[in-house]
Amino acid sequence: MTVSIVGIGGSTRPDSQSGRAMRLVLAGAEQAGAKVSAVTGADLELPFYDPSITERPAAAVSMIELLRAADGVVFVSPGYHGTVSGLVKNALDYIEELRTDDRPYLDGRAIGCVAVAAGWQASVNTLNALRSIAHATRGWPTPLGAAVNSIEVGFDASGGCTDDRVAANLAMIGAQVTEFATRRAA
């Protein structure tokens with residue numbers, strides 16, 4: 001059985017460091033046998049989430065449907081001022097649209113979490129915030145998460161990473177999400 005893994009994150013900057021990190025996580029999921037898709041960049045530019053509004057823009061509807069069908073999810077955020085970027089947080093707020101589903105929110109799904117920031121304090125705090133969001137949406141954060149200090153580690157446009165251990169950890173997060181999702185689906 002092929003499981004579906006959805007990555008949400010990055011920034012509006014084309015080919016951002018957090019977007020590149022997400023590609024490595026999703027490559028690890030794909031290597032482990034998952035079908036992957038990503039919501040990043042311009043796809044994250046959504047109106048502020050308002051639960052009282054019932055009509056959603058096409059990009060939000062698409063993301064919600066991807067999440068609804070997902071067996072596992074990956075959250076990736078740049079760390080801005082020590083926490084999740086507003087862009088990523090707003091996108092994650094749309095998970096509220098899944099509240100009345102038979103499987104509400106991200107119930108029982110593995111969630112891989114990655115934070116990329118210019119410094120350890122911001123990256124670690126952002127990772128903790130992503131894990132808290134995973135718990136709040138009834139997801140199960142994978143045992144391995146990654147706090148990446150972009151002052152020490154960089155990603156290139158071809159998918160490379162300047163630190164082999166970080167690249168391996170990112171791939172492992174994708175593999176863990178896929179493994180859990182596959183076991184859960186069986």
# chains A, B, ... in the order shown; residues from 1 in each chain; ligands from 1
>>> select_by_dssp(residues="range 122-178 of chain A", states="helix (DSSP H, G or I)", output="PDB file with N, CA and C atoms, in the first residue's frame")
ATOM      1  N   ALA A 122      16.367  30.119  18.117  1.00  0.00           N
ATOM      2  CA  ALA A 122      15.179  30.234  17.266  1.00  0.00           C
ATOM      3  C   ALA A 122      14.787  28.893  16.661  1.00  0.00           C
ATOM      4  N   SER A 123      15.765  28.095  16.217  1.00  0.00           N
ATOM      5  CA  SER A 123      15.420  26.824  15.584  1.00  0.00           C
ATOM      6  C   SER A 123      14.831  25.832  16.590  1.00  0.00           C
ATOM      7  N   VAL A 124      15.395  25.762  17.791  1.00  0.00           N
ATOM      8  CA  VAL A 124      14.878  24.842  18.803  1.00  0.00           C
ATOM      9  C   VAL A 124      13.490  25.283  19.268  1.00  0.00           C
ATOM     10  N   ASN A 125      13.305  26.577  19.533  1.00  0.00           N
ATOM     11  CA  ASN A 125      11.983  27.066  19.956  1.00  0.00           C
ATOM     12  C   ASN A 125      10.935  26.810  18.874  1.00  0.00           C
ATOM     13  N   THR A 126      11.306  27.012  17.621  1.00  0.00           N
ATOM     14  CA  THR A 126      10.374  26.803  16.516  1.00  0.00           C
ATOM     15  C   THR A 126      10.014  25.324  16.393  1.00  0.00           C
ATOM     16  N   LEU A 127      11.008  24.445  16.551  1.00  0.00           N
ATOM     17  CA  LEU A 127      10.722  23.006  16.528  1.00  0.00           C
ATOM     18  C   LEU A 127       9.737  22.646  17.638  1.00  0.00           C
ATOM     19  N   ASN A 128       9.958  23.165  18.829  1.00  0.00           N
ATOM     20  CA  ASN A 128       9.033  22.893  19.943  1.00  0.00           C
ATOM     21  C   ASN A 128       7.627  23.393  19.627  1.00  0.00           C
ATOM     22  N   ALA A 129       7.518  24.559  19.015  1.00  0.00           N
ATOM     23  CA  ALA A 129       6.198  25.089  18.641  1.00  0.00           C
ATOM     24  C   ALA A 129       5.515  24.180  17.623  1.00  0.00           C
ATOM     25  N   LEU A 130       6.266  23.696  16.639  1.00  0.00           N
ATOM     26  CA  LEU A 130       5.686  22.785  15.641  1.00  0.00           C
ATOM     27  C   LEU A 130       5.213  21.488  16.296  1.00  0.00           C
ATOM     28  N   ARG A 131       5.980  20.971  17.226  1.00  0.00           N
ATOM     29  CA  ARG A 131       5.571  19.750  17.934  1.00  0.00           C
ATOM     30  C   ARG A 131       4.294  20.000  18.739  1.00  0.00           C
ATOM     31  N   SER A 132       4.194  21.178  19.340  1.00  0.00           N
ATOM     32  CA  SER A 132       2.981  21.528  20.091  1.00  0.00           C
ATOM     33  C   SER A 132       1.774  21.608  19.165  1.00  0.00           C
ATOM     34  N   ILE A 133       1.965  22.174  17.980  1.00  0.00           N
ATOM     35  CA  ILE A 133       0.872  22.242  17.005  1.00  0.00           C
ATOM     36  C   ILE A 133       0.479  20.832  16.571  1.00  0.00           C
ATOM     37  N   ALA A 134       1.462  19.957  16.373  1.00  0.00           N
ATOM     38  CA  ALA A 134       1.152  18.571  16.008  1.00  0.00           C
ATOM     39  C   ALA A 134       0.288  17.922  17.089  1.00  0.00           C
ATOM     40  N   HIS A 135       0.658  18.105  18.347  1.00  0.00           N
ATOM     41  CA  HIS A 135      -0.144  17.544  19.439  1.00  0.00           C
ATOM     42  C   HIS A 135      -1.534  18.159  19.474  1.00  0.00           C
ATOM     43  N   ALA A 136      -1.620  19.469  19.318  1.00  0.00           N
ATOM     44  CA  ALA A 136      -2.908  20.161  19.382  1.00  0.00           C
ATOM     45  C   ALA A 136      -3.853  19.736  18.266  1.00  0.00           C
ATOM     46  N   ASP A 164      26.227  16.271   6.076  1.00  0.00           N
ATOM     47  CA  ASP A 164      25.655  14.959   5.759  1.00  0.00           C
ATOM     48  C   ASP A 164      24.776  14.423   6.877  1.00  0.00           C
ATOM     49  N   ARG A 165      25.117  14.719   8.123  1.00  0.00           N
ATOM     50  CA  ARG A 165      24.306  14.241   9.256  1.00  0.00           C
ATOM     51  C   ARG A 165      22.936  14.899   9.250  1.00  0.00           C
ATOM     52  N   VAL A 166      22.886  16.195   8.949  1.00  0.00           N
ATOM     53  CA  VAL A 166      21.604  16.885   8.883  1.00  0.00           C
ATOM     54  C   VAL A 166      20.773  16.324   7.729  1.00  0.00           C
ATOM     55  N   ALA A 167      21.401  16.135   6.573  1.00  0.00           N
ATOM     56  CA  ALA A 167      20.685  15.564   5.424  1.00  0.00           C
ATOM     57  C   ALA A 167      20.123  14.187   5.776  1.00  0.00           C
ATOM     58  N   ALA A 168      20.916  13.367   6.453  1.00  0.00           N
ATOM     59  CA  ALA A 168      20.455  12.034   6.849  1.00  0.00           C
ATOM     60  C   ALA A 168      19.301  12.118   7.842  1.00  0.00           C
ATOM     61  N   ASN A 169      19.373  13.059   8.780  1.00  0.00           N
ATOM     62  CA  ASN A 169      18.288  13.235   9.749  1.00  0.00           C
ATOM     63  C   ASN A 169      16.997  13.677   9.065  1.00  0.00           C
ATOM     64  N   LEU A 170      17.109  14.587   8.108  1.00  0.00           N
ATOM     65  CA  LEU A 170      15.911  15.044   7.399  1.00  0.00           C
ATOM     66  C   LEU A 170      15.272  13.891   6.625  1.00  0.00           C
ATOM     67  N   ALA A 171      16.099  13.096   5.955  1.00  0.00           N
ATOM     68  CA  ALA A 171      15.581  11.926   5.235  1.00  0.00           C
ATOM     69  C   ALA A 171      14.949  10.935   6.214  1.00  0.00           C
ATOM     70  N   MET A 172      15.562  10.776   7.392  1.00  0.00           N
ATOM     71  CA  MET A 172      15.032   9.861   8.412  1.00  0.00           C
ATOM     72  C   MET A 172      13.654  10.314   8.896  1.00  0.00           C
ATOM     73  N   ILE A 173      13.449  11.617   9.028  1.00  0.00           N
ATOM     74  CA  ILE A 173      12.132  12.120   9.444  1.00  0.00           C
ATOM     75  C   ILE A 173      11.088  11.706   8.411  1.00  0.00           C
ATOM     76  N   GLY A 174      11.395  11.884   7.129  1.00  0.00           N
ATOM     77  CA  GLY A 174      10.473  11.460   6.075  1.00  0.00           C
ATOM     78  C   GLY A 174      10.207   9.969   6.130  1.00  0.00           C
ATOM     79  N   ALA A 175      11.256   9.180   6.393  1.00  0.00           N
ATOM     80  CA  ALA A 175      11.105   7.724   6.495  1.00  0.00           C
ATOM     81  C   ALA A 175      10.252   7.350   7.712  1.00  0.00           C
ATOM     82  N   GLN A 176      10.438   8.052   8.837  1.00  0.00           N
ATOM     83  CA  GLN A 176       9.641   7.749  10.030  1.00  0.00           C
ATOM     84  C   GLN A 176       8.162   8.060   9.806  1.00  0.00           C
ATOM     85  N   VAL A 177       7.875   9.186   9.173  1.00  0.00           N
ATOM     86  CA  VAL A 177       6.477   9.523   8.872  1.00  0.00           C
ATOM     87  C   VAL A 177       5.875   8.434   7.989  1.00  0.00           C
ATOM     88  N   THR A 178       6.618   8.013   6.977  1.00  0.00           N
ATOM     89  CA  THR A 178       6.132   6.990   6.049  1.00  0.00           C
ATOM     90  C   THR A 178       5.944   5.647   6.749  1.00  0.00           C
TER      91      THR A 178
END
>>> select_by_dssp(residues="range 144-182 of chain A", states="strand (DSSP E or B)", output="PyMOL selection string")
chain A and resi 146-149+155+161
>>> write_last_selection(atoms="C-alpha atoms", output="PDB file, in the first residue's frame")
ATOM      1  CA  ALA A 146      15.124  18.628  13.337  1.00  0.00           C
ATOM      2  CA  ALA A 147      16.237  22.053  14.490  1.00  0.00           C
ATOM      3  CA  VAL A 148      18.561  23.329  11.764  1.00  0.00           C
ATOM      4  CA  ASN A 149      20.845  26.283  12.418  1.00  0.00           C
ATOM      5  CA  PHE A 155      21.117  23.748   1.412  1.00  0.00           C
ATOM      6  CA  CYS A 161      23.139  19.892   2.220  1.00  0.00           C
TER       7      CYS A 161
END
>>> closest_residue(among="A:Ala58, A:Ala70, A:Ala157, A:Leu92", to="Ala185 in chain A", atoms="only C-alpha atoms")
A:Ala70
>>> residues_around(residues="Gly9 in chain A", least_positions_apart="5", cutoff="7 Å", atoms="only C-alpha atoms", output="PyMOL selection string")
chain A and resi 19+39-40+75-77+88
>>> closest_residue(among="A:Asp102, A:Glu96, A:Asp71, A:Glu45", to="Ala186 in chain A", atoms="only C-alpha atoms")
A:Asp71
>>> closest_residue(among="A:Pro57, A:Gly79, A:Gly28, A:Pro51", to="Gln121 in chain A", atoms="only C-alpha atoms")
A:Gly79
>>> atom_distance(atom1="CA of Ile151 in chain A", atom2="CA of Gly119 in chain A")
6.4 Å
>>> decode(residues="range 75-164 of chain A", atoms="C-alpha atoms", output="PDB file, in the first residue's frame")
ATOM      1  CA  PHE A  75       5.534  20.662   9.095  1.00  0.00           C
ATOM      2  CA  VAL A  76       8.528  22.822   8.150  1.00  0.00           C
ATOM      3  CA  SER A  77       8.916  26.424   9.251  1.00  0.00           C
ATOM      4  CA  PRO A  78      11.555  29.086   9.237  1.00  0.00           C
ATOM      5  CA  GLY A  79      12.109  30.425  12.737  1.00  0.00           C
ATOM      6  CA  TYR A  80      11.156  34.079  12.909  1.00  0.00           C
ATOM      7  CA  HIS A  81      11.788  35.781  16.252  1.00  0.00           C
ATOM      8  CA  GLY A  82      11.935  32.433  18.002  1.00  0.00           C
ATOM      9  CA  THR A  83       8.805  30.769  16.664  1.00  0.00           C
ATOM     10  CA  VAL A  84       6.837  29.563  13.648  1.00  0.00           C
ATOM     11  CA  SER A  85       6.508  32.083  10.830  1.00  0.00           C
ATOM     12  CA  GLY A  86       3.131  33.783  10.519  1.00  0.00           C
ATOM     13  CA  LEU A  87       2.795  32.411   6.995  1.00  0.00           C
ATOM     14  CA  VAL A  88       3.177  28.783   8.115  1.00  0.00           C
ATOM     15  CA  LYS A  89       1.073  29.273  11.268  1.00  0.00           C
ATOM     16  CA  ASN A  90      -1.781  30.734   9.244  1.00  0.00           C
ATOM     17  CA  ALA A  91      -1.653  27.795   6.810  1.00  0.00           C
ATOM     18  CA  LEU A  92      -1.708  25.366   9.746  1.00  0.00           C
ATOM     19  CA  ASP A  93      -4.699  27.221  11.207  1.00  0.00           C
ATOM     20  CA  TYR A  94      -6.697  25.950   8.213  1.00  0.00           C
ATOM     21  CA  ILE A  95      -6.452  22.452   9.756  1.00  0.00           C
ATOM     22  CA  GLU A  96      -9.444  23.658  11.763  1.00  0.00           C
ATOM     23  CA  GLU A  97     -11.520  22.896   8.646  1.00  0.00           C
ATOM     24  CA  LEU A  98     -11.015  19.196   9.434  1.00  0.00           C
ATOM     25  CA  ARG A  99     -12.565  19.466  12.907  1.00  0.00           C
ATOM     26  CA  THR A 100     -15.858  17.749  11.983  1.00  0.00           C
ATOM     27  CA  ASP A 101     -14.345  14.978   9.837  1.00  0.00           C
ATOM     28  CA  ASP A 102     -14.733  11.341  10.901  1.00  0.00           C
ATOM     29  CA  ARG A 103     -11.008  11.540  11.635  1.00  0.00           C
ATOM     30  CA  PRO A 104     -10.880  15.080  13.075  1.00  0.00           C
ATOM     31  CA  TYR A 105      -7.920  17.369  12.542  1.00  0.00           C
ATOM     32  CA  LEU A 106      -4.813  15.197  11.959  1.00  0.00           C
ATOM     33  CA  ASP A 107      -5.964  12.482  14.338  1.00  0.00           C
ATOM     34  CA  GLY A 108      -3.627   9.494  14.464  1.00  0.00           C
ATOM     35  CA  ARG A 109      -1.314  10.705  11.726  1.00  0.00           C
ATOM     36  CA  ALA A 110       2.445  10.930  12.031  1.00  0.00           C
ATOM     37  CA  ILE A 111       3.773  14.472  11.851  1.00  0.00           C
ATOM     38  CA  GLY A 112       7.406  15.196  11.025  1.00  0.00           C
ATOM     39  CA  CYS A 113       8.601  18.571  12.317  1.00  0.00           C
ATOM     40  CA  VAL A 114      11.528  20.650  11.043  1.00  0.00           C
ATOM     41  CA  ALA A 115      12.599  24.184  11.941  1.00  0.00           C
ATOM     42  CA  VAL A 116      15.241  26.195  10.095  1.00  0.00           C
ATOM     43  CA  ALA A 117      16.539  29.417  11.645  1.00  0.00           C
ATOM     44  CA  ALA A 118      19.649  31.559  11.900  1.00  0.00           C
ATOM     45  CA  GLY A 119      20.634  30.364  15.358  1.00  0.00           C
ATOM     46  CA  TRP A 120      20.004  27.557  17.809  1.00  0.00           C
ATOM     47  CA  GLN A 121      17.579  29.376  20.080  1.00  0.00           C
ATOM     48  CA  ALA A 122      15.179  30.234  17.266  1.00  0.00           C
ATOM     49  CA  SER A 123      15.420  26.824  15.584  1.00  0.00           C
ATOM     50  CA  VAL A 124      14.878  24.842  18.803  1.00  0.00           C
ATOM     51  CA  ASN A 125      11.983  27.066  19.956  1.00  0.00           C
ATOM     52  CA  THR A 126      10.374  26.803  16.516  1.00  0.00           C
ATOM     53  CA  LEU A 127      10.722  23.006  16.528  1.00  0.00           C
ATOM     54  CA  ASN A 128       9.033  22.893  19.943  1.00  0.00           C
ATOM     55  CA  ALA A 129       6.198  25.089  18.641  1.00  0.00           C
ATOM     56  CA  LEU A 130       5.686  22.785  15.641  1.00  0.00           C
ATOM     57  CA  ARG A 131       5.571  19.750  17.934  1.00  0.00           C
ATOM     58  CA  SER A 132       2.981  21.528  20.091  1.00  0.00           C
ATOM     59  CA  ILE A 133       0.872  22.242  17.005  1.00  0.00           C
ATOM     60  CA  ALA A 134       1.152  18.571  16.008  1.00  0.00           C
ATOM     61  CA  HIS A 135      -0.144  17.544  19.439  1.00  0.00           C
ATOM     62  CA  ALA A 136      -2.908  20.161  19.382  1.00  0.00           C
ATOM     63  CA  THR A 137      -4.136  18.828  16.035  1.00  0.00           C
ATOM     64  CA  ARG A 138      -4.143  15.250  17.440  1.00  0.00           C
ATOM     65  CA  GLY A 139      -1.146  14.224  15.360  1.00  0.00           C
ATOM     66  CA  TRP A 140       1.761  12.128  16.551  1.00  0.00           C
ATOM     67  CA  PRO A 141       5.128  13.883  16.176  1.00  0.00           C
ATOM     68  CA  THR A 142       7.793  11.484  14.959  1.00  0.00           C
ATOM     69  CA  PRO A 143      10.516  10.565  17.439  1.00  0.00           C
ATOM     70  CA  LEU A 144      13.033  12.492  15.345  1.00  0.00           C
ATOM     71  CA  GLY A 145      12.530  16.189  14.630  1.00  0.00           C
ATOM     72  CA  ALA A 146      15.124  18.628  13.337  1.00  0.00           C
ATOM     73  CA  ALA A 147      16.237  22.053  14.490  1.00  0.00           C
ATOM     74  CA  VAL A 148      18.561  23.329  11.764  1.00  0.00           C
ATOM     75  CA  ASN A 149      20.845  26.283  12.418  1.00  0.00           C
ATOM     76  CA  SER A 150      21.197  27.904   8.985  1.00  0.00           C
ATOM     77  CA  ILE A 151      24.306  29.776  10.130  1.00  0.00           C
ATOM     78  CA  GLU A 152      26.085  26.417  10.323  1.00  0.00           C
ATOM     79  CA  VAL A 153      24.196  24.359   7.712  1.00  0.00           C
ATOM     80  CA  GLY A 154      23.126  25.315   4.204  1.00  0.00           C
ATOM     81  CA  PHE A 155      21.117  23.748   1.412  1.00  0.00           C
ATOM     82  CA  ASP A 156      21.793  24.171  -2.285  1.00  0.00           C
ATOM     83  CA  ALA A 157      19.379  24.372  -5.207  1.00  0.00           C
ATOM     84  CA  SER A 158      20.259  20.861  -6.374  1.00  0.00           C
ATOM     85  CA  GLY A 159      19.012  19.321  -3.104  1.00  0.00           C
ATOM     86  CA  GLY A 160      22.365  19.081  -1.381  1.00  0.00           C
ATOM     87  CA  CYS A 161      23.139  19.892   2.220  1.00  0.00           C
ATOM     88  CA  THR A 162      26.476  21.060   3.640  1.00  0.00           C
ATOM     89  CA  ASP A 163      26.161  18.641   6.568  1.00  0.00           C
ATOM     90  CA  ASP A 164      25.655  14.959   5.759  1.00  0.00           C
TER      91      ASP A 164
END
